[in-house]
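Visitor: Could you have a look at this structure, given as structure tokens, before my questions?
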Amino acid sequence: MYILFKMKPEQEVGPVQIYGRWLNYCVGYIPETHKDIIPYLHLEPTIIDEDTAKAWLFNNGWRGYVSIRPGTLENDQMQLHESSEPTGEKEKYTLTETDTTNAVNFIKTVLRKIVDEVYDHRLQALNINVSELEFKSWDKQRTELAEYQADNTASVPLLTALAESRGITVGEMATLVQTAITNYDNQVKTLLANKQTIEKEIKDCATIQNCYVLMHNKFGYQMPVAMATDLSVTDAAQFNV
């Protein structure tokens, strides 16, 4: 089983074998015989298929090839060099169409994972000034609000208690709850819409170069100088997910 996860200290990774690294992420490998024994859920991983996992080292192949140096994780996988070769010698490997497809899938997987992390963080930030006690009461407040709006004589003990503690009527409390719910839902709706927009941009990337252009324009990763020259790109990379 192959997993993708954000880099962690070695003691947290434990016995998970590091198969590859790219950006701030690791490809880990766990034998099928050990996936129920080796702890990995704490790494908050994404499970990926073998072909996608093995394409991590092709991510720099936007020109149609990658250069493999001996003594690296890349060569451990490709076995292009003998162990006795000088470590400075590189060997060019030309990507097949399948290699390129798998590399694009891998990059997209990483980018989607970044987006998930960013938007999960933004969602948590919406609740930063809300106590856990209050947050856990929201579902009940929503339920009672709907009941009260349908019948203002309905029994709504939570809204009644909240109203009494503030010295206002249940109707006034219902209005406050409705305003809070509307504001929160609108913020969540905006987050979700923005997330789906960037996810579509990721989905639409058909080549490794497309991925690098998106990473440059949206994810703050500077594209290779040669690519920028080819595309006449002079703007600095920006983070605008």
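Residues are named by chain letter and number: chains run A, B, ... in the order of the structure tokens, numbers start at 1 in each chain, and ligands are numbered from 1 in the order shown.
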Leaving out A:His216 and any residue of its chain fewer than 2 positions from it, which residues lie within 12 Å of it when counting only C-alpha atoms, given as a VMD selection string?
Guide: chain A and resid 111 209 to 214 218 to 225 227 to 228 233 to 241
Visitor: Which is closer to A:Ala125 than all the others in A:Gln11, A:Gln187, A:Ala226, A:Arg63, using only C-alpha atoms?
Guide: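 Among A:Gln11, A:Gln187, A:Ala226, A:Arg63, it is A:Gln187 that comes nearest to A:Ala125.
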Visitor: So, counting only C-alpha atoms, which residue among A:Tyr184, A:Tyr40, A:Trp56, A:Trp62 is closest to A:Cys26?
Guide: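 Checking each of A:Tyr184, A:Tyr40, A:Trp56, A:Trp62 against A:Cys26, counting only C-alpha atoms, the winner is A:Trp56.
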Visitor: Pick from A:Leu192, A:Leu43, A:Met215, A:Leu231: nearest to A:Arg122, with only C-alpha atoms counted?
Guide: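 For A:Arg122, the nearest of the candidates is A:Leu192.
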Visitor: Taking only stretch 6-241 of chain A into account, list the residues labelled helix (DSSP H, G or I) by DSSP (computed from the backbone), as a CSV table (one decimal) with N, CA and C atoms, in the first residue's frame.
Guide:
```csv
chain,number,residue,atom,x,y,z
A,10,GLU,N,11.0,11.9,11.8
A,10,GLU,CA,11.3,10.5,11.6
A,10,GLU,C,10.5,9.6,12.7
A,11,GLN,N,10.5,10.1,13.9
A,11,GLN,CA,9.9,9.3,15.0
A,11,GLN,C,8.4,9.2,14.8
A,12,GLU,N,7.8,10.1,14.1
A,12,GLU,CA,6.4,10.1,13.8
A,12,GLU,C,6.1,9.1,12.6
A,13,VAL,N,7.0,9.1,11.7
A,13,VAL,CA,6.8,8.3,10.5
A,13,VAL,C,6.9,6.8,10.9
A,32,GLU,N,1.5,-5.0,2.1
A,32,GLU,CA,0.1,-5.4,2.4
A,32,GLU,C,0.0,-6.2,3.6
A,33,THR,N,1.0,-7.0,3.9
A,33,THR,CA,1.0,-7.9,5.0
A,33,THR,C,1.1,-7.2,6.4
A,34,HIS,N,1.5,-5.9,6.3
A,34,HIS,CA,1.7,-5.1,7.5
A,34,HIS,C,0.7,-3.9,7.7
A,41,LEU,N,-2.4,6.0,10.3
A,41,LEU,CA,-3.5,7.0,10.2
A,41,LEU,C,-3.2,8.3,10.8
A,42,HIS,N,-2.2,8.4,11.8
A,42,HIS,CA,-1.9,9.6,12.4
A,42,HIS,C,-1.2,10.6,11.4
A,43,LEU,N,-0.7,10.0,10.3
A,43,LEU,CA,0.0,10.8,9.3
A,43,LEU,C,-1.0,11.5,8.4
A,50,GLU,N,-0.3,2.3,-7.0
A,50,GLU,CA,1.1,2.0,-7.2
A,50,GLU,C,1.7,2.8,-8.3
A,51,ASP,N,1.0,2.9,-9.5
A,51,ASP,CA,1.4,3.6,-10.6
A,51,ASP,C,1.6,5.1,-10.4
A,52,THR,N,0.6,5.7,-9.6
A,52,THR,CA,0.7,7.1,-9.3
A,52,THR,C,1.9,7.3,-8.3
A,53,ALA,N,2.0,6.4,-7.3
A,53,ALA,CA,3.1,6.6,-6.3
A,53,ALA,C,4.5,6.5,-7.0
A,54,LYS,N,4.6,5.6,-7.9
A,54,LYS,CA,6.0,5.4,-8.5
A,54,LYS,C,6.3,6.5,-9.5
A,55,ALA,N,5.3,7.4,-9.8
A,55,ALA,CA,5.6,8.5,-10.8
A,55,ALA,C,6.1,9.7,-10.1
A,56,TRP,N,6.3,9.7,-8.8
A,56,TRP,CA,6.7,10.9,-8.1
A,56,TRP,C,8.0,11.4,-8.6
A,57,LEU,N,8.9,10.6,-9.1
A,57,LEU,CA,10.2,11.0,-9.6
A,57,LEU,C,10.2,11.6,-11.0
A,58,PHE,N,9.0,11.5,-11.7
A,58,PHE,CA,8.9,12.0,-13.0
A,58,PHE,C,8.3,13.5,-13.0
A,73,LEU,N,17.0,8.5,-4.0
A,73,LEU,CA,15.8,7.7,-4.0
A,73,LEU,C,15.3,7.4,-5.4
A,74,GLU,N,15.6,8.4,-6.3
A,74,GLU,CA,15.2,8.2,-7.7
A,74,GLU,C,15.9,7.0,-8.3
A,75,ASN,N,17.2,6.9,-8.1
A,75,ASN,CA,17.9,5.8,-8.7
A,75,ASN,C,17.6,4.5,-8.0
A,76,ASP,N,17.3,4.6,-6.7
A,76,ASP,CA,16.9,3.4,-6.0
A,76,ASP,C,15.6,2.7,-6.7
A,77,GLN,N,14.8,3.6,-7.2
A,77,GLN,CA,13.6,3.1,-7.9
A,77,GLN,C,13.9,2.7,-9.3
A,78,MET,N,14.7,3.5,-10.0
A,78,MET,CA,14.9,3.3,-11.5
A,78,MET,C,16.0,2.3,-11.8
A,97,GLU,N,4.6,7.9,-22.5
A,97,GLU,CA,3.3,8.5,-22.3
A,97,GLU,C,2.7,8.1,-21.0
A,98,THR,N,2.8,6.9,-20.6
A,98,THR,CA,2.3,6.4,-19.4
A,98,THR,C,2.9,7.1,-18.2
A,99,ASP,N,4.3,7.2,-18.3
A,99,ASP,CA,5.0,7.9,-17.2
A,99,ASP,C,4.5,9.3,-17.0
A,100,THR,N,4.2,10.0,-18.1
A,100,THR,CA,3.7,11.4,-18.0
A,100,THR,C,2.4,11.4,-17.4
A,101,THR,N,1.5,10.5,-17.9
A,101,THR,CA,0.1,10.5,-17.3
A,101,THR,C,0.1,10.3,-15.8
A,102,ASN,N,1.0,9.3,-15.4
A,102,ASN,CA,1.0,9.0,-14.0
A,102,ASN,C,1.6,10.2,-13.2
A,103,ALA,N,2.6,10.9,-13.8
A,103,ALA,CA,3.2,12.0,-13.1
A,103,ALA,C,2.2,13.1,-12.9
A,104,VAL,N,1.4,13.4,-13.9
A,104,VAL,CA,0.3,14.4,-13.8
A,104,VAL,C,-0.6,14.0,-12.7
A,105,ASN,N,-1.0,12.7,-12.7
A,105,ASN,CA,-1.9,12.3,-11.6
A,105,ASN,C,-1.3,12.5,-10.2
A,106,PHE,N,0.0,12.2,-10.1
A,106,PHE,CA,0.6,12.4,-8.8
A,106,PHE,C,0.6,13.9,-8.4
A,107,ILE,N,1.0,14.7,-9.3
A,107,ILE,CA,1.1,16.2,-9.0
A,107,ILE,C,-0.3,16.7,-8.6
A,108,LYS,N,-1.3,16.2,-9.4
A,108,LYS,CA,-2.7,16.6,-9.0
A,108,LYS,C,-3.1,16.2,-7.6
A,109,THR,N,-2.7,15.0,-7.3
A,109,THR,CA,-3.0,14.4,-6.0
A,109,THR,C,-2.4,15.3,-4.9
A,110,VAL,N,-1.1,15.7,-5.1
A,110,VAL,CA,-0.4,16.5,-4.1
A,110,VAL,C,-1.1,17.9,-4.0
A,111,LEU,N,-1.5,18.5,-5.2
A,111,LEU,CA,-2.1,19.8,-5.2
A,111,LEU,C,-3.5,19.7,-4.5
A,112,ARG,N,-4.2,18.7,-4.7
A,112,ARG,CA,-5.5,18.5,-4.1
A,112,ARG,C,-5.4,18.4,-2.6
A,113,LYS,N,-4.3,17.7,-2.2
A,113,LYS,CA,-4.0,17.5,-0.7
A,113,LYS,C,-3.7,18.9,-0.1
A,114,ILE,N,-2.9,19.7,-0.8
A,114,ILE,CA,-2.6,21.0,-0.3
A,114,ILE,C,-3.9,21.9,-0.2
A,115,VAL,N,-4.8,21.8,-1.2
A,115,VAL,CA,-6.0,22.5,-1.1
A,115,VAL,C,-6.9,22.1,0.0
A,116,ASP,N,-7.0,20.8,0.3
A,116,ASP,CA,-7.7,20.2,1.4
A,116,ASP,C,-7.2,20.8,2.7
A,117,GLU,N,-5.9,20.8,2.9
A,117,GLU,CA,-5.3,21.3,4.1
A,117,GLU,C,-5.6,22.8,4.3
A,118,VAL,N,-5.5,23.6,3.2
A,118,VAL,CA,-5.7,25.0,3.3
A,118,VAL,C,-7.2,25.3,3.7
A,119,TYR,N,-8.1,24.6,3.0
A,119,TYR,CA,-9.5,25.0,3.3
A,119,TYR,C,-10.0,24.4,4.6
A,120,ASP,N,-9.4,23.2,5.0
A,120,ASP,CA,-9.8,22.7,6.4
A,120,ASP,C,-9.3,23.7,7.4
A,121,HIS,N,-8.1,24.3,7.2
A,121,HIS,CA,-7.6,25.3,8.1
A,121,HIS,C,-8.5,26.6,8.1
A,122,ARG,N,-9.0,27.0,7.0
A,122,ARG,CA,-9.8,28.2,6.9
A,122,ARG,C,-11.2,27.9,7.6
A,123,LEU,N,-11.7,26.7,7.4
A,123,LEU,CA,-12.9,26.3,8.1
A,123,LEU,C,-12.8,26.4,9.6
A,124,GLN,N,-11.6,25.8,10.1
A,124,GLN,CA,-11.4,25.9,11.5
A,124,GLN,C,-11.3,27.3,12.0
A,125,ALA,N,-10.7,28.2,11.2
A,125,ALA,CA,-10.5,29.6,11.6
A,125,ALA,C,-11.9,30.3,11.8
A,126,LEU,N,-12.9,29.8,11.0
A,126,LEU,CA,-14.2,30.4,11.2
A,126,LEU,C,-14.7,30.2,12.7
A,132,GLU,N,-16.1,25.2,22.4
A,132,GLU,CA,-16.6,23.8,22.0
A,132,GLU,C,-18.0,23.6,22.5
A,133,LEU,N,-18.3,24.1,23.7
A,133,LEU,CA,-19.7,23.9,24.3
A,133,LEU,C,-20.7,24.6,23.3
A,134,GLU,N,-20.4,25.8,22.9
A,134,GLU,CA,-21.3,26.5,22.0
A,134,GLU,C,-21.4,25.8,20.7
A,135,PHE,N,-20.3,25.4,20.2
A,135,PHE,CA,-20.3,24.8,18.8
A,135,PHE,C,-21.1,23.5,18.9
A,136,LYS,N,-21.1,22.7,19.9
A,136,LYS,CA,-21.8,21.5,20.0
A,136,LYS,C,-23.3,21.8,20.2
A,137,SER,N,-23.7,23.0,20.5
A,137,SER,CA,-25.1,23.3,20.6
A,137,SER,C,-25.8,23.8,19.3
A,138,TRP,N,-24.9,24.0,18.3
A,138,TRP,CA,-25.4,24.6,17.1
A,138,TRP,C,-26.5,23.8,16.4
A,139,ASP,N,-26.3,22.5,16.3
A,139,ASP,CA,-27.3,21.6,15.7
A,139,ASP,C,-28.6,21.7,16.4
A,140,LYS,N,-28.6,21.7,17.7
A,140,LYS,CA,-29.8,21.8,18.5
A,140,LYS,C,-30.4,23.2,18.3
A,141,GLN,N,-29.6,24.2,18.2
A,141,GLN,CA,-30.1,25.6,18.0
A,141,GLN,C,-30.8,25.6,16.6
A,142,ARG,N,-30.2,25.0,15.6
A,142,ARG,CA,-30.8,25.0,14.2
A,142,ARG,C,-32.1,24.3,14.3
A,143,THR,N,-32.2,23.2,14.9
A,143,THR,CA,-33.4,22.4,15.0
A,143,THR,C,-34.5,23.1,15.7
A,144,GLU,N,-34.2,23.7,16.8
A,144,GLU,CA,-35.2,24.5,17.5
A,144,GLU,C,-35.6,25.7,16.8
A,145,LEU,N,-34.7,26.4,16.1
A,145,LEU,CA,-35.0,27.5,15.3
A,145,LEU,C,-36.1,27.2,14.2
A,146,ALA,N,-35.8,26.0,13.5
A,146,ALA,CA,-36.8,25.6,12.5
A,146,ALA,C,-38.1,25.3,13.1
A,147,GLU,N,-38.1,24.7,14.2
A,147,GLU,CA,-39.4,24.4,14.9
A,147,GLU,C,-40.1,25.7,15.3
A,148,TYR,N,-39.4,26.7,15.8
A,148,TYR,CA,-40.0,27.9,16.2
A,148,TYR,C,-40.5,28.7,15.1
A,149,GLN,N,-39.7,28.7,13.9
A,149,GLN,CA,-40.2,29.4,12.8
A,149,GLN,C,-41.4,28.8,12.2
A,150,ALA,N,-41.6,27.5,12.3
A,150,ALA,CA,-42.8,26.8,11.8
A,150,ALA,C,-44.0,27.0,12.7
A,157,PRO,N,-36.7,24.5,24.3
A,157,PRO,CA,-36.1,24.7,25.6
A,157,PRO,C,-34.7,25.4,25.6
A,158,LEU,N,-33.9,25.1,24.5
A,158,LEU,CA,-32.6,25.7,24.4
A,158,LEU,C,-32.7,27.1,24.1
A,159,LEU,N,-33.5,27.5,23.1
A,159,LEU,CA,-33.7,28.9,22.7
A,159,LEU,C,-34.3,29.7,23.9
A,160,THR,N,-35.2,29.0,24.6
A,160,THR,CA,-35.8,29.7,25.8
A,160,THR,C,-34.8,30.0,26.8
A,161,ALA,N,-33.9,29.0,27.1
A,161,ALA,CA,-32.9,29.2,28.2
A,161,ALA,C,-31.9,30.3,27.7
A,162,LEU,N,-31.5,30.3,26.5
A,162,LEU,CA,-30.6,31.3,26.0
A,162,LEU,C,-31.2,32.7,26.0
A,163,ALA,N,-32.5,32.8,25.7
A,163,ALA,CA,-33.2,34.0,25.7
A,163,ALA,C,-33.3,34.6,27.1
A,164,GLU,N,-33.7,33.7,28.1
A,164,GLU,CA,-33.8,34.1,29.5
A,164,GLU,C,-32.5,34.6,30.0
A,165,SER,N,-31.4,33.9,29.6
A,165,SER,CA,-30.0,34.3,30.2
A,165,SER,C,-29.6,35.7,29.6
A,166,ARG,N,-30.2,36.1,28.5
A,166,ARG,CA,-29.8,37.4,27.9
A,166,ARG,C,-30.9,38.4,28.2
A,170,VAL,N,-37.9,35.0,23.3
A,170,VAL,CA,-37.5,33.9,22.4
A,170,VAL,C,-37.5,34.3,21.0
A,171,GLY,N,-38.4,35.2,20.6
A,171,GLY,CA,-38.4,35.7,19.2
A,171,GLY,C,-37.2,36.4,18.9
A,172,GLU,N,-36.7,37.2,19.8
A,172,GLU,CA,-35.5,38.0,19.6
A,172,GLU,C,-34.3,37.0,19.5
A,173,MET,N,-34.3,36.0,20.4
A,173,MET,CA,-33.2,35.0,20.4
A,173,MET,C,-33.2,34.3,19.1
A,174,ALA,N,-34.4,34.0,18.6
A,174,ALA,CA,-34.5,33.2,17.3
A,174,ALA,C,-33.9,34.1,16.2
A,175,THR,N,-34.1,35.4,16.2
A,175,THR,CA,-33.5,36.3,15.2
A,175,THR,C,-32.0,36.3,15.3
A,176,LEU,N,-31.5,36.3,16.5
A,176,LEU,CA,-30.0,36.3,16.7
A,176,LEU,C,-29.4,35.0,16.1
A,177,VAL,N,-30.1,33.9,16.4
A,177,VAL,CA,-29.6,32.6,16.0
A,177,VAL,C,-29.7,32.5,14.5
A,178,GLN,N,-30.8,33.0,13.9
A,178,GLN,CA,-30.9,33.0,12.4
A,178,GLN,C,-29.8,33.8,11.8
A,179,THR,N,-29.5,35.0,12.3
A,179,THR,CA,-28.4,35.8,11.8
A,179,THR,C,-27.1,35.2,11.8
A,180,ALA,N,-26.8,34.5,13.0
A,180,ALA,CA,-25.5,33.8,13.1
A,180,ALA,C,-25.4,32.7,12.2
A,181,ILE,N,-26.5,31.9,12.0
A,181,ILE,CA,-26.5,30.8,11.1
A,181,ILE,C,-26.3,31.2,9.7
A,182,THR,N,-27.0,32.3,9.3
A,182,THR,CA,-26.9,32.8,7.9
A,182,THR,C,-25.5,33.2,7.6
A,183,ASN,N,-24.9,34.0,8.6
A,183,ASN,CA,-23.5,34.5,8.4
A,183,ASN,C,-22.5,33.3,8.2
A,184,TYR,N,-22.7,32.4,9.1
A,184,TYR,CA,-21.8,31.2,9.1
A,184,TYR,C,-21.9,30.4,7.8
A,185,ASP,N,-23.2,30.1,7.4
A,185,ASP,CA,-23.4,29.4,6.2
A,185,ASP,C,-22.9,30.1,5.0
A,186,ASN,N,-23.0,31.4,5.0
A,186,ASN,CA,-22.5,32.1,3.8
A,186,ASN,C,-21.0,32.1,3.7
A,187,GLN,N,-20.4,32.1,4.8
A,187,GLN,CA,-18.9,32.0,4.8
A,187,GLN,C,-18.5,30.6,4.4
A,188,VAL,N,-19.2,29.6,4.9
A,188,VAL,CA,-18.9,28.2,4.4
A,188,VAL,C,-19.1,28.0,3.0
A,189,LYS,N,-20.2,28.6,2.5
A,189,LYS,CA,-20.6,28.5,1.1
A,189,LYS,C,-19.5,29.1,0.2
A,190,THR,N,-19.0,30.3,0.6
A,190,THR,CA,-17.9,30.9,-0.1
A,190,THR,C,-16.7,30.1,-0.1
A,191,LEU,N,-16.3,29.5,1.0
A,191,LEU,CA,-15.1,28.6,1.1
A,191,LEU,C,-15.3,27.5,0.1
A,192,LEU,N,-16.5,26.8,0.2
A,192,LEU,CA,-16.7,25.7,-0.7
A,192,LEU,C,-16.6,26.0,-2.2
A,193,ALA,N,-17.2,27.2,-2.5
A,193,ALA,CA,-17.2,27.6,-3.9
A,193,ALA,C,-15.8,27.9,-4.4
A,194,ASN,N,-15.0,28.5,-3.6
A,194,ASN,CA,-13.6,28.8,-3.9
A,194,ASN,C,-12.8,27.6,-4.0
A,195,LYS,N,-13.0,26.6,-3.1
A,195,LYS,CA,-12.3,25.4,-3.2
A,195,LYS,C,-12.6,24.6,-4.4
A,196,GLN,N,-13.9,24.6,-4.8
A,196,GLN,CA,-14.3,23.8,-6.0
A,196,GLN,C,-13.7,24.5,-7.3
A,197,THR,N,-13.5,25.8,-7.3
A,197,THR,CA,-12.9,26.5,-8.4
A,197,THR,C,-11.5,26.1,-8.6
A,198,ILE,N,-10.7,26.1,-7.5
A,198,ILE,CA,-9.3,25.7,-7.7
A,198,ILE,C,-9.2,24.2,-8.0
A,199,GLU,N,-10.1,23.4,-7.4
A,199,GLU,CA,-10.1,21.9,-7.7
A,199,GLU,C,-10.3,21.7,-9.2
A,200,LYS,N,-11.2,22.5,-9.8
A,200,LYS,CA,-11.4,22.4,-11.3
A,200,LYS,C,-10.2,22.7,-12.1
A,201,GLU,N,-9.5,23.8,-11.6
A,201,GLU,CA,-8.2,24.2,-12.3
A,201,GLU,C,-7.2,23.0,-12.2
A,202,ILE,N,-7.2,22.4,-11.1
A,202,ILE,CA,-6.3,21.2,-11.0
A,202,ILE,C,-6.7,20.1,-11.9
A,203,LYS,N,-8.0,19.8,-11.9
A,203,LYS,CA,-8.5,18.8,-12.8
A,203,LYS,C,-8.2,19.0,-14.2
A,208,ILE,N,2.4,18.0,-17.5
A,208,ILE,CA,3.2,18.4,-16.3
A,208,ILE,C,3.4,19.9,-16.4
A,209,GLN,N,3.6,20.4,-17.6
A,209,GLN,CA,3.8,21.9,-17.7
A,209,GLN,C,2.6,22.6,-17.2
A,210,ASN,N,1.4,22.2,-17.6
A,210,ASN,CA,0.2,22.8,-17.1
A,210,ASN,C,0.2,22.8,-15.6
A,211,CYS,N,0.6,21.8,-14.9
A,211,CYS,CA,0.6,21.7,-13.5
A,211,CYS,C,1.6,22.7,-12.9
A,212,TYR,N,2.8,22.8,-13.5
A,212,TYR,CA,3.7,23.8,-13.0
A,212,TYR,C,3.3,25.2,-13.2
A,213,VAL,N,2.6,25.5,-14.3
A,213,VAL,CA,2.0,26.9,-14.5
A,213,VAL,C,1.0,27.2,-13.4
A,214,LEU,N,0.1,26.2,-13.1
A,214,LEU,CA,-0.8,26.4,-12.0
A,214,LEU,C,-0.2,26.6,-10.7
A,215,MET,N,0.9,25.8,-10.4
A,215,MET,CA,1.6,25.9,-9.2
A,215,MET,C,2.2,27.2,-9.0
A,216,HIS,N,2.7,27.8,-10.1
A,216,HIS,CA,3.3,29.1,-10.2
A,216,HIS,C,2.3,30.2,-9.9
A,217,ASN,N,1.2,30.1,-10.5
A,217,ASN,CA,0.2,31.2,-10.5
A,217,ASN,C,-0.7,31.1,-9.2
A,218,LYS,N,-0.9,29.9,-8.6
A,218,LYS,CA,-1.8,29.8,-7.5
A,218,LYS,C,-1.2,29.2,-6.2
A,225,VAL,N,13.2,28.0,-14.3
A,225,VAL,CA,13.7,29.2,-15.1
A,225,VAL,C,13.5,28.9,-16.6
A,226,ALA,N,13.9,27.7,-17.0
A,226,ALA,CA,13.8,27.4,-18.5
A,226,ALA,C,12.3,27.5,-18.9
A,227,MET,N,11.4,27.0,-18.1
A,227,MET,CA,10.0,27.0,-18.5
A,227,MET,C,9.5,28.4,-18.5
A,228,ALA,N,9.9,29.2,-17.5
A,228,ALA,CA,9.4,30.6,-17.5
A,228,ALA,C,9.9,31.3,-18.7
A,229,THR,N,11.2,31.0,-19.2
A,229,THR,CA,11.7,31.7,-20.3
A,229,THR,C,10.9,31.2,-21.6
A,230,ASP,N,10.7,30.0,-21.7
A,230,ASP,CA,9.9,29.4,-22.8
A,230,ASP,C,8.5,30.1,-22.9
A,231,LEU,N,7.9,30.3,-21.8
A,231,LEU,CA,6.5,30.8,-21.7
A,231,LEU,C,6.5,32.3,-21.6
```
Visitor: Distance atom CA of A:Thr46-atom CA of A:Phe5, one decimal place?
Guide: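 Here the two named atoms are 6.5 Å from each other.
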Visitor: Quote the spacing between atom CA of A:Glu91 and atom CA of A:Asp49 in Å to one decimal place.
Guide: 26.8 Å
Visitor: Any chance you could list, as a VMD selection string, the residues in stretch 87-206 of chain A that come up strand (DSSP E) when DSSP is run on the backbone?
Guide: chain A and resid 91 to 94
Visitor: Given the selection you just returned, output its residues as a file containing N, CA and C atoms, formatted as a PDB file, in the first residue's frame.
Guide:
```pdb
ATOM      1  N   GLU A  91      22.127  10.360 -15.448  1.00  0.00           N
ATOM      2  CA  GLU A  91      21.708   9.655 -16.656  1.00  0.00           C
ATOM      3  C   GLU A  91      20.299  10.106 -17.006  1.00  0.00           C
ATOM      4  N   LYS A  92      20.112  10.406 -18.285  1.00  0.00           N
ATOM      5  CA  LYS A  92      18.820  10.907 -18.735  1.00  0.00           C
ATOM      6  C   LYS A  92      17.870   9.744 -18.981  1.00  0.00           C
ATOM      7  N   TYR A  93      16.641   9.909 -18.502  1.00  0.00           N
ATOM      8  CA  TYR A  93      15.586   8.921 -18.740  1.00  0.00           C
ATOM      9  C   TYR A  93      14.435   9.627 -19.441  1.00  0.00           C
ATOM     10  N   THR A  94      14.048   9.116 -20.608  1.00  0.00           N
ATOM     11  CA  THR A  94      12.952   9.701 -21.368  1.00  0.00           C
ATOM     12  C   THR A  94      11.628   9.105 -20.909  1.00  0.00           C
TER      13      THR A  94
END
```
Visitor: How many Å separate atom CA of A:Ile48 from atom CA of A:Met7?
Guide: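 Taking atom CA of A:Ile48 as the start and atom CA of A:Met7 as the end point, the length is 16.2 Å.
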